[in-house]
Structure formats: C-alpha cells, structure tokens
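**Q** So here's coords_27.txt (compact mmCIF, C-alpha atoms).
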```txt
# COMPACT_ATOMS: atom_id res chain seq x y z
CA MET A 595 20.34 -29.94 20.76
CA ALA A 596 22.63 -29.17 17.81
CA LEU A 597 20.23 -26.84 15.97
CA GLU A 598 18.54 -24.92 18.78
CA PRO A 599 21.46 -22.69 19.87
CA ILE A 600 22.06 -21.62 16.25
CA TRP A 601 18.65 -20.02 15.75
CA GLU A 602 18.05 -18.66 19.24
CA SER A 603 20.07 -15.58 18.27
CA ASP A 604 17.92 -15.08 15.14
CA PHE A 605 14.46 -15.34 16.63
CA LEU A 606 12.56 -12.20 17.61
CA ASN A 607 12.70 -11.30 21.28
CA CYS A 608 8.91 -10.99 21.36
CA SER A 609 8.55 -14.66 20.36
CA ASN A 610 8.10 -17.05 23.28
CA GLY A 611 6.44 -20.12 21.76
CA PHE A 612 8.31 -23.45 21.88
CA ARG A 613 11.58 -21.84 22.97
CA PRO A 614 13.89 -22.82 25.87
CA LYS A 615 13.48 -20.94 29.17
CA ARG A 616 10.42 -19.09 27.83
CA ARG A 617 6.80 -19.55 28.79
CA THR A 618 3.32 -18.02 28.64
CA GLN A 619 3.98 -15.92 31.75
CA ASP A 620 6.78 -14.12 29.89
CA CYS A 621 4.25 -13.00 27.27
CA ILE A 622 1.88 -11.78 29.96
CA ALA A 623 4.68 -9.86 31.71
CA LEU A 624 5.60 -8.12 28.44
CA LEU A 625 1.98 -7.22 27.73
CA ASP A 626 1.64 -5.79 31.23
CA SER A 627 4.37 -3.24 30.44
CA TYR A 628 2.64 -2.17 27.20
CA ILE A 629 -1.07 -2.18 28.07
CA ASN A 630 -1.53 1.01 30.06
CA LYS A 631 -2.76 4.56 29.60
CA ARG A 632 0.72 5.89 28.90
CA SER A 633 1.64 3.47 26.12
CA LYS A 634 -1.91 3.64 24.71
CA TYR A 635 -2.12 -0.06 23.90
CA PHE A 636 -5.47 -1.43 25.05
CA TRP A 637 -6.14 -4.55 22.95
CA VAL A 638 -4.68 -8.05 22.76
CA ILE A 639 -5.31 -9.97 19.52
CA GLU A 640 -5.14 -13.75 19.70
CA GLY A 641 -4.89 -15.68 16.44
CA ASP A 642 -4.29 -19.22 15.27
CA ILE A 643 -2.66 -20.06 11.94
CA LYS A 644 -4.84 -22.73 10.38
CA GLY A 645 -2.80 -25.83 9.52
CA ALA A 646 0.50 -24.16 10.45
CA PHE A 647 2.39 -27.44 10.89
CA ASP A 648 0.63 -29.19 8.00
CA ASN A 649 1.38 -26.62 5.28
CA ILE A 650 5.10 -25.96 5.75
CA HIS A 651 6.83 -26.10 2.37
CA HIS A 652 9.77 -28.51 2.64
CA ASP A 653 12.01 -26.85 0.04
CA ILE A 654 11.60 -23.37 1.56
CA LEU A 655 12.27 -24.74 5.05
CA LEU A 656 15.41 -26.59 3.96
CA LYS A 657 16.73 -23.44 2.23
CA LEU A 658 16.24 -21.49 5.48
CA VAL A 659 18.08 -24.18 7.44
CA ALA A 660 20.89 -24.30 4.86
CA LYS A 661 21.61 -20.59 5.42
CA ARG A 662 23.01 -21.43 8.86
CA VAL A 663 23.93 -25.13 8.57
CA ALA A 664 26.66 -26.14 6.12
CA ASP A 665 26.78 -29.84 7.04
CA LYS A 666 25.12 -31.62 4.11
CA ARG A 667 24.69 -34.79 6.14
CA LEU A 668 22.57 -32.94 8.68
CA LEU A 669 20.56 -31.23 5.94
CA LYS A 670 19.92 -34.59 4.28
CA LEU A 671 18.84 -36.06 7.63
CA ILE A 672 16.34 -33.23 8.18
CA GLY A 673 15.02 -33.72 4.64
CA ARG A 674 14.52 -37.44 5.26
CA PHE A 675 12.78 -36.68 8.55
CA LEU A 676 10.35 -34.34 6.80
CA ARG A 677 9.60 -36.79 3.98
CA ALA A 678 9.51 -39.96 6.08
CA GLY A 679 5.76 -40.32 5.67
CA MET A 680 3.09 -41.22 8.21
CA MET A 681 1.30 -44.41 9.16
CA GLN A 682 -2.44 -44.23 9.81
CA GLY A 683 -3.45 -47.67 10.94
CA SER A 684 -2.05 -49.98 8.29
CA LEU A 685 -2.00 -47.28 5.58
CA PHE A 686 1.09 -45.31 4.61
CA HIS A 687 0.69 -41.64 3.68
CA ARG A 688 3.37 -39.59 1.95
CA THR A 689 4.29 -36.26 3.52
CA ASP A 690 4.99 -33.89 0.64
CA CYS A 691 4.60 -30.85 2.91
CA GLY A 692 4.35 -30.10 6.60
CA THR A 693 6.21 -31.25 9.68
CA PRO A 694 4.56 -33.73 12.09
CA GLN A 695 3.18 -32.28 15.29
CA GLY A 696 4.48 -34.11 18.32
CA ALA A 697 7.93 -34.74 16.87
CA ILE A 698 10.77 -33.30 18.96
CA CYS A 699 12.36 -31.30 16.14
CA SER A 700 9.09 -30.09 14.59
CA LEU A 701 8.61 -27.18 16.99
CA LEU A 702 12.01 -25.69 16.18
CA LEU A 703 11.52 -26.21 12.43
CA ALA A 704 8.11 -24.53 12.60
CA ASN A 705 9.64 -21.52 14.38
CA ILE A 706 12.38 -21.28 11.75
CA TYR A 707 9.80 -21.37 8.95
CA LEU A 708 7.28 -18.97 10.49
CA GLN A 709 9.71 -16.35 11.80
CA LEU A 710 12.62 -16.24 9.36
CA ARG A 711 10.45 -16.65 6.26
CA HIS A 712 8.22 -13.75 7.31
CA ARG A 713 11.17 -11.42 7.61
CA GLY A 714 11.15 -11.13 3.84
CA TYR A 715 7.44 -10.44 3.50
CA ARG A 716 6.17 -7.69 1.21
CA PRO A 717 3.48 -5.45 2.67
CA LYS A 718 0.42 -4.63 0.63
CA PRO A 719 -0.38 -1.02 -0.37
CA ASN A 720 -2.06 1.04 2.34
CA ARG A 721 -5.64 2.22 1.94
CA ARG A 722 -5.74 6.02 1.65
CA LEU A 723 -8.26 7.72 3.93
CA TYR A 724 -8.82 11.40 4.65
CA ILE A 725 -10.16 12.80 7.92
CA ALA A 726 -11.30 16.36 8.53
CA LYS A 727 -9.17 18.71 10.65
CA SER A 728 -10.42 21.58 12.82
CA ASN A 729 -9.10 24.15 10.31
CA GLY A 730 -11.18 22.70 7.49
CA LYS A 731 -8.31 20.87 5.79
CA LEU A 732 -7.99 17.12 5.33
CA ARG A 733 -5.42 14.89 6.98
CA PRO A 734 -4.30 11.92 4.83
CA LEU A 735 -4.00 8.56 6.55
CA GLY A 736 -2.55 5.27 5.30
CA ILE A 737 -4.46 2.28 6.70
CA PRO A 738 -2.60 -1.06 6.39
CA CYS A 739 -4.34 -4.43 6.15
CA MET A 740 -4.66 -6.61 9.27
CA LYS A 741 -1.70 -8.84 8.31
CA ASP A 742 0.57 -5.82 7.85
CA ARG A 743 -0.64 -4.33 11.14
CA GLY A 744 0.32 -7.55 12.89
CA MET A 745 3.77 -7.62 11.26
CA GLN A 746 4.34 -3.95 12.08
CA ALA A 747 3.41 -4.64 15.72
CA LEU A 748 6.01 -7.43 15.88
CA TYR A 749 8.71 -5.23 14.38
CA LEU A 750 7.74 -2.42 16.75
CA LEU A 751 8.35 -4.69 19.75
CA ALA A 752 11.85 -5.42 18.40
CA VAL A 753 12.78 -1.87 17.33
CA ASP A 754 11.28 0.19 20.18
CA PRO A 755 13.87 -0.76 22.85
CA ILE A 756 16.68 0.19 20.44
CA ALA A 757 15.09 3.51 19.43
CA GLU A 758 14.47 4.43 23.07
CA THR A 759 18.22 4.41 23.78
CA LEU A 760 18.82 6.88 20.91
CA ALA A 761 15.81 9.18 21.31
CA ASP A 762 16.14 12.74 22.58
CA PRO A 763 15.24 12.99 26.30
CA ASN A 764 13.07 16.05 25.51
CA SER A 765 11.01 14.10 22.96
CA TYR A 766 7.60 12.87 24.11
CA GLY A 767 5.68 12.16 20.90
CA PHE A 768 4.75 8.57 20.04
CA ARG A 769 7.05 7.08 22.69
CA LEU A 770 6.51 4.35 25.26
CA GLN A 771 5.37 5.44 28.72
CA ARG A 772 5.35 9.11 27.67
CA SER A 773 2.33 11.32 27.18
CA THR A 774 1.27 14.92 26.60
CA ALA A 775 0.89 15.30 30.36
CA ASP A 776 4.58 14.41 30.79
CA ALA A 777 5.55 17.10 28.27
CA ILE A 778 3.45 19.69 30.12
CA GLU A 779 5.04 18.66 33.42
CA GLN A 780 8.50 19.10 31.90
CA CYS A 781 7.54 22.59 30.68
CA PHE A 782 6.52 23.58 34.21
CA THR A 783 9.82 22.22 35.53
CA VAL A 784 11.90 24.17 33.01
CA LEU A 785 9.94 27.42 33.39
CA SER A 786 10.24 27.32 37.18
CA LYS A 787 14.02 26.89 37.22
CA SER A 788 16.34 29.75 38.15
CA VAL A 789 19.60 30.69 36.48
CA ARG A 790 22.54 32.65 37.87
CA PRO A 791 24.02 35.08 35.32
CA LEU A 792 26.95 37.24 36.44
CA GLY A 793 26.75 36.13 40.05
CA PHE A 794 23.12 37.15 40.64
CA TRP A 795 20.15 34.88 41.00
CA LYS A 796 17.55 35.56 38.39
CA GLU A 797 14.39 33.84 37.25
CA THR A 798 14.74 32.07 33.96
CA SER A 799 13.80 34.05 30.88
CA ALA A 800 12.17 31.03 29.22
CA LEU A 801 8.61 32.27 29.62
CA VAL A 802 7.29 31.58 26.13
CA LEU A 803 6.19 28.24 24.70
CA MET A 804 6.32 27.82 20.94
CA LYS A 805 4.18 25.32 19.08
CA SER A 806 4.93 24.45 15.48
CA VAL A 807 3.95 21.88 12.90
CA ILE A 808 6.24 20.54 10.16
CA SER A 809 4.26 20.85 6.94
CA GLY A 810 3.87 17.50 5.16
CA TYR A 811 6.08 15.77 7.74
CA TRP A 812 4.75 12.25 7.12
CA GLN A 813 4.87 12.61 3.32
CA ILE A 814 8.44 13.89 2.84
CA PHE A 815 10.45 10.87 4.04
CA PRO A 816 12.85 9.80 1.24
```
Here is the file; what I need is its structure written in the form of structure tokens.
**A**
Amino acid sequence: MALEPIWESDFLNCSNGFRPKRRTQDCIALLDSYINKRSKYFWVIEGDIKGAFDNIHHDILLKLVAKRVADKRLLKLIGRFLRAGMMQGSLFHRTDCGTPQGAICSLLLANIYLQLRHRGYRPKPNRRLYIAKSNGKLRPLGIPCMKDRGMQALYLLAVDPIAETLADPNSYGFRLQRSTADAIEQCFTVLSKSVRPLGFWKETSALVLMKSVISGYWQIFP
C-alpha cells in the first residue's frame, strides 16, 4: 500500500499485468483499436519470460527501489524480505536471487524490475538488407532483432498518442488510423472546393498534385 502509488506514475501505460484497476480486458480493448486495416497491425505475439520471478537480481532491484524511496528502514525491510529464504519440507534454502511468487509484494517488485530496468536497455545493431526498387536501385533496410522489435513496439504504444497531438493534420504517412485512401479522399475534397476572390465565386486553382521524394530521408537524421 505504501509502495504501489509511487511507481504507478512510472509504469508504461501499455502495461496491465498485476496493476490496480487493470485487467486482461483492458489489453484486449487496446489491441482492438490497433489491429485493423488502417493501422496495419495484424499480429499479436504472446511470450513468457522463463524464470522471471526466480532470476531477479536483488542488488539491481534494491537500487531501482532506492531511486524513489529514501527511507532506509523500508529499503532494509525489502532486502530482508527478498533474502528471507524458503522452506521446502524441513529443508531451508537460501534465496540469493529472485522474489517468491505468491507473496503480496512480489508482483509489484517484479514490475519495477522488468519495466524500469528495461528502460535503460541498449539495442543491438540492425541487420542491413537491400531490396530492389522499380527503378532498378536498391532500398536499404535496417532489420532489428526480435527483442529490439518488442521493445520498439512498447515504446511506440507510449509515444504514439503524444506524437498524434503534435502531427500535422495534412500528414497521413505512417500514422494510426490513416491510410493512402484517406490522403486521396482529402485531395478530392480540396480540389473540389470553391474560393471567392474579389467578390466572385470561382473554382479553386489547385488542380495539380505534386509528388516528391526526399533523397536519403531515412539516412540523414543527426
């Protein structure tokens, strides 16, 4: 009860596991808004981290907790909880790593470790691949590994809503719920409008569509 409100503001909005007032149906509702012909997302990848609770490094976890909790007594209590050990029958086993599944605080600690620790991850180099274009030239592609693709997808879910509020209303490329058909429809709307110069109605003079390509656009970002 003391720790949960602190980290709720830090967790990603796309994360729903073991969090208050969140459930599986919230994940399904979010996927329903993404998986459609406009957004061009058609696959759902389900994965399970092997031994996620059993392999949590205690020192790393306590450092993450200490970034937001200054009370040394509470930090010491969490450390004792993690290293309390486990009884299996009449045998005692030390717990040098991991947090016990089934404990009340373990779910929050696992979320802290998995989410906040991954925010400092370093992506691996992309694999360079060239595909042929209709004009005979080659288009360079950078293919990330599966782990980086998953991390990029998580960041995209967090950044997209922010970027949508800043994007130009006339922009349709690589945006949610926008497609080439929407751009064509907008062109028809603009070309069919009338303007009124000098008090006379006159058809708009915007009768020409211009298509251009920025040379090396993806390679020139500083």
**Q** Could you check the closest approach to Ile643 (chain A) for each of A:Lys631, A:Asn729, A:Ala775, A:Lys741 and tell me which residue wins, using only C-alpha atoms?
**A**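 Using only C-alpha atoms, the shortest distance to Ile643 (chain A) belongs to A:Lys741.
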**Q** I want to know what sits within 12 Å of Leu669 (chain A), based on all atoms listed in the file, with residues of the same chain fewer than 3 positions away left out; could you give that as a list of chain:residue names?
**A** A:Leu597, A:His652, A:Asp653, A:Leu655, A:Leu656, A:Lys657, A:Leu658, A:Val659, A:Ala660, A:Lys661, A:Arg662, A:Val663, A:Ala664, A:Asp665, A:Lys666, A:Ile672, A:Gly673, A:Arg674, A:Phe675, A:Leu676
**Q** Between A:Val807, A:Trp601, A:Phe647, A:Glu758, which one has atoms that come closest to Leu701 (chain A), using all atoms listed in the file?
**A**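 Among the listed residues, the smallest separation from Leu701 (chain A) belongs to A:Phe647.
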**Q** Report the distance between CA of Pro763 (chain A) and CA of Leu624 (chain A) in Å, rounded to one decimal place.
**A** 23.3 Å
**Q** Give me, please, the distance in Å between CA of Glu779 (chain A) and CA of Leu760 (chain A), quoted to one decimal.
**A**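 About the pair CA of Glu779 (chain A) and CA of Leu760 (chain A): they are 22.0 Å apart.
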**Q** What is the distance, in Å and to one decimal place, between CA of Lys718 (chain A) and CA of Met740 (chain A)?
**A**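 Calculated distance between CA of Lys718 (chain A) and CA of Met740 (chain A) is 10.2 Å.
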**Q** Taking all atoms of region 741-758 of chain A that appear in the file, build a box with edges along x, y and z, extend it by 8 Å on every side, and state its centre and edge lengths in Å to one decimal, as JSON.
**A**
```
{"center_x": 7.5, "center_y": -2.2, "center_z": 15.5, "size_x": 34.4, "size_y": 29.3, "size_z": 31.2}
```
**Q** Pick out the residues sitting within 9 Å of Tyr707 (chain A), and hand them over as a list of chain:residue names; count only C-alpha atoms, and ignore anything fewer than 4 positions along from it in its own chain.
**A** A:Ile650, A:His651, A:Ile654, A:Leu655, A:Leu658, A:Val659, A:Leu702, A:Leu703, A:Arg711, A:His712
**Q** May I have the protein, DNA and RNA residues with any atom at most 12 Å from the point (16.6, 17.9, 25.2), counting all atoms listed in the file, written as an NGL selection string?
**A** :A and (761-766 or 777 or 780-781 or 784)
**Q** Pick out the residues sitting within 10 Å of Pro719 (chain A), and hand them over as an mmCIF file with C-alpha atoms, in the coordinates of the input; count only C-alpha atoms, and ignore anything fewer than 2 positions along from it in its own chain.
**A**
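Done, and the output landed in out24.cif:
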```cif
data_model
loop_
_atom_site.group_PDB
_atom_site.id
_atom_site.type_symbol
_atom_site.label_atom_id
_atom_site.label_comp_id
_atom_site.auth_asym_id
_atom_site.auth_seq_id
_atom_site.Cartn_x
_atom_site.Cartn_y
_atom_site.Cartn_z
ATOM 1 C CA ARG A 716 6.170 -7.690 1.210
ATOM 2 C CA PRO A 717 3.480 -5.450 2.670
ATOM 3 C CA ARG A 721 -5.640 2.220 1.940
ATOM 4 C CA ARG A 722 -5.740 6.020 1.650
ATOM 5 C CA GLY A 736 -2.550 5.270 5.300
ATOM 6 C CA ILE A 737 -4.460 2.280 6.700
ATOM 7 C CA PRO A 738 -2.600 -1.060 6.390
ATOM 8 C CA CYS A 739 -4.340 -4.430 6.150
ATOM 9 C CA ASP A 742 0.570 -5.820 7.850
#
```
**Q** With distances taken over all atoms listed in the file, which residue among A:Leu785, A:Ala596, A:Cys691, A:Ile639 lies nearest Gly744 (chain A)?
**A**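 With all atoms listed in the file as the atom set, the closest residue is A:Ile639.
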**Q** Mind completing region 682-699 of chain A with N, CA, C and O atoms? Output as a PDB file, keeping the file's coordinate frame, please?
**A**
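Okay, this is what ended up in part_18.pdb:
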```pdb
ATOM      1  N   GLN A 682      -1.118 -44.383   9.201  1.00  0.00           N
ATOM      2  CA  GLN A 682      -2.440 -44.230   9.810  1.00  0.00           C
ATOM      3  C   GLN A 682      -3.101 -45.607   9.782  1.00  0.00           C
ATOM      4  O   GLN A 682      -3.639 -46.043   8.773  1.00  0.00           O
ATOM      5  N   GLY A 683      -3.023 -46.283  10.914  1.00  0.00           N
ATOM      6  CA  GLY A 683      -3.450 -47.670  10.940  1.00  0.00           C
ATOM      7  C   GLY A 683      -2.451 -48.506  10.153  1.00  0.00           C
ATOM      8  O   GLY A 683      -1.252 -48.542  10.442  1.00  0.00           O
ATOM      9  N   SER A 684      -2.927 -49.173   9.152  1.00  0.00           N
ATOM     10  CA  SER A 684      -2.050 -49.980   8.290  1.00  0.00           C
ATOM     11  C   SER A 684      -1.766 -49.292   6.961  1.00  0.00           C
ATOM     12  O   SER A 684      -1.155 -49.889   6.073  1.00  0.00           O
ATOM     13  N   LEU A 685      -2.187 -48.011   6.824  1.00  0.00           N
ATOM     14  CA  LEU A 685      -2.000 -47.280   5.580  1.00  0.00           C
ATOM     15  C   LEU A 685      -0.833 -46.303   5.706  1.00  0.00           C
ATOM     16  O   LEU A 685      -0.672 -45.629   6.732  1.00  0.00           O
ATOM     17  N   PHE A 686      -0.040 -46.234   4.657  1.00  0.00           N
ATOM     18  CA  PHE A 686       1.090 -45.310   4.610  1.00  0.00           C
ATOM     19  C   PHE A 686       0.709 -44.071   3.801  1.00  0.00           C
ATOM     20  O   PHE A 686       0.164 -44.182   2.708  1.00  0.00           O
ATOM     21  N   HIS A 687       0.988 -42.901   4.354  1.00  0.00           N
ATOM     22  CA  HIS A 687       0.690 -41.640   3.680  1.00  0.00           C
ATOM     23  C   HIS A 687       1.996 -40.877   3.459  1.00  0.00           C
ATOM     24  O   HIS A 687       2.798 -40.718   4.384  1.00  0.00           O
ATOM     25  N   ARG A 688       2.199 -40.416   2.242  1.00  0.00           N
ATOM     26  CA  ARG A 688       3.370 -39.590   1.950  1.00  0.00           C
ATOM     27  C   ARG A 688       3.204 -38.214   2.574  1.00  0.00           C
ATOM     28  O   ARG A 688       2.098 -37.695   2.696  1.00  0.00           O
ATOM     29  N   THR A 689       4.308 -37.623   2.963  1.00  0.00           N
ATOM     30  CA  THR A 689       4.290 -36.260   3.520  1.00  0.00           C
ATOM     31  C   THR A 689       5.075 -35.356   2.574  1.00  0.00           C
ATOM     32  O   THR A 689       6.285 -35.183   2.705  1.00  0.00           O
ATOM     33  N   ASP A 690       4.361 -34.784   1.609  1.00  0.00           N
ATOM     34  CA  ASP A 690       4.990 -33.890   0.640  1.00  0.00           C
ATOM     35  C   ASP A 690       5.163 -32.481   1.189  1.00  0.00           C
ATOM     36  O   ASP A 690       5.925 -31.677   0.650  1.00  0.00           O
ATOM     37  N   CYS A 691       4.445 -32.154   2.250  1.00  0.00           N
ATOM     38  CA  CYS A 691       4.600 -30.850   2.910  1.00  0.00           C
ATOM     39  C   CYS A 691       4.246 -31.018   4.374  1.00  0.00           C
ATOM     40  O   CYS A 691       3.625 -32.009   4.768  1.00  0.00           O
ATOM     41  N   GLY A 692       4.668 -30.068   5.175  1.00  0.00           N
ATOM     42  CA  GLY A 692       4.350 -30.100   6.600  1.00  0.00           C
ATOM     43  C   GLY A 692       5.420 -30.803   7.415  1.00  0.00           C
ATOM     44  O   GLY A 692       6.296 -31.503   6.899  1.00  0.00           O
ATOM     45  N   THR A 693       5.330 -30.583   8.715  1.00  0.00           N
ATOM     46  CA  THR A 693       6.210 -31.250   9.680  1.00  0.00           C
ATOM     47  C   THR A 693       5.328 -31.815  10.778  1.00  0.00           C
ATOM     48  O   THR A 693       4.409 -31.132  11.253  1.00  0.00           O
ATOM     49  N   PRO A 694       5.515 -33.070  11.178  1.00  0.00           N
ATOM     50  CA  PRO A 694       4.560 -33.730  12.090  1.00  0.00           C
ATOM     51  C   PRO A 694       4.528 -33.102  13.477  1.00  0.00           C
ATOM     52  O   PRO A 694       5.572 -32.907  14.109  1.00  0.00           O
ATOM     53  N   GLN A 695       3.319 -32.776  13.921  1.00  0.00           N
ATOM     54  CA  GLN A 695       3.180 -32.280  15.290  1.00  0.00           C
ATOM     55  C   GLN A 695       3.453 -33.415  16.268  1.00  0.00           C
ATOM     56  O   GLN A 695       3.051 -34.553  16.049  1.00  0.00           O
ATOM     57  N   GLY A 696       4.130 -33.096  17.333  1.00  0.00           N
ATOM     58  CA  GLY A 696       4.480 -34.110  18.320  1.00  0.00           C
ATOM     59  C   GLY A 696       5.910 -34.583  18.196  1.00  0.00           C
ATOM     60  O   GLY A 696       6.468 -35.131  19.158  1.00  0.00           O
ATOM     61  N   ALA A 697       6.524 -34.377  17.018  1.00  0.00           N
ATOM     62  CA  ALA A 697       7.930 -34.740  16.870  1.00  0.00           C
ATOM     63  C   ALA A 697       8.805 -33.717  17.591  1.00  0.00           C
ATOM     64  O   ALA A 697       8.487 -32.531  17.643  1.00  0.00           O
ATOM     65  N   ILE A 698       9.924 -34.156  18.125  1.00  0.00           N
ATOM     66  CA  ILE A 698      10.770 -33.300  18.960  1.00  0.00           C
ATOM     67  C   ILE A 698      11.313 -32.113  18.176  1.00  0.00           C
ATOM     68  O   ILE A 698      11.337 -30.977  18.660  1.00  0.00           O
ATOM     69  N   CYS A 699      11.726 -32.350  16.937  1.00  0.00           N
ATOM     70  CA  CYS A 699      12.360 -31.300  16.140  1.00  0.00           C
ATOM     71  C   CYS A 699      11.356 -30.410  15.419  1.00  0.00           C
ATOM     72  O   CYS A 699      11.712 -29.346  14.916  1.00  0.00           O
TER      73      CYS A 699
END
```
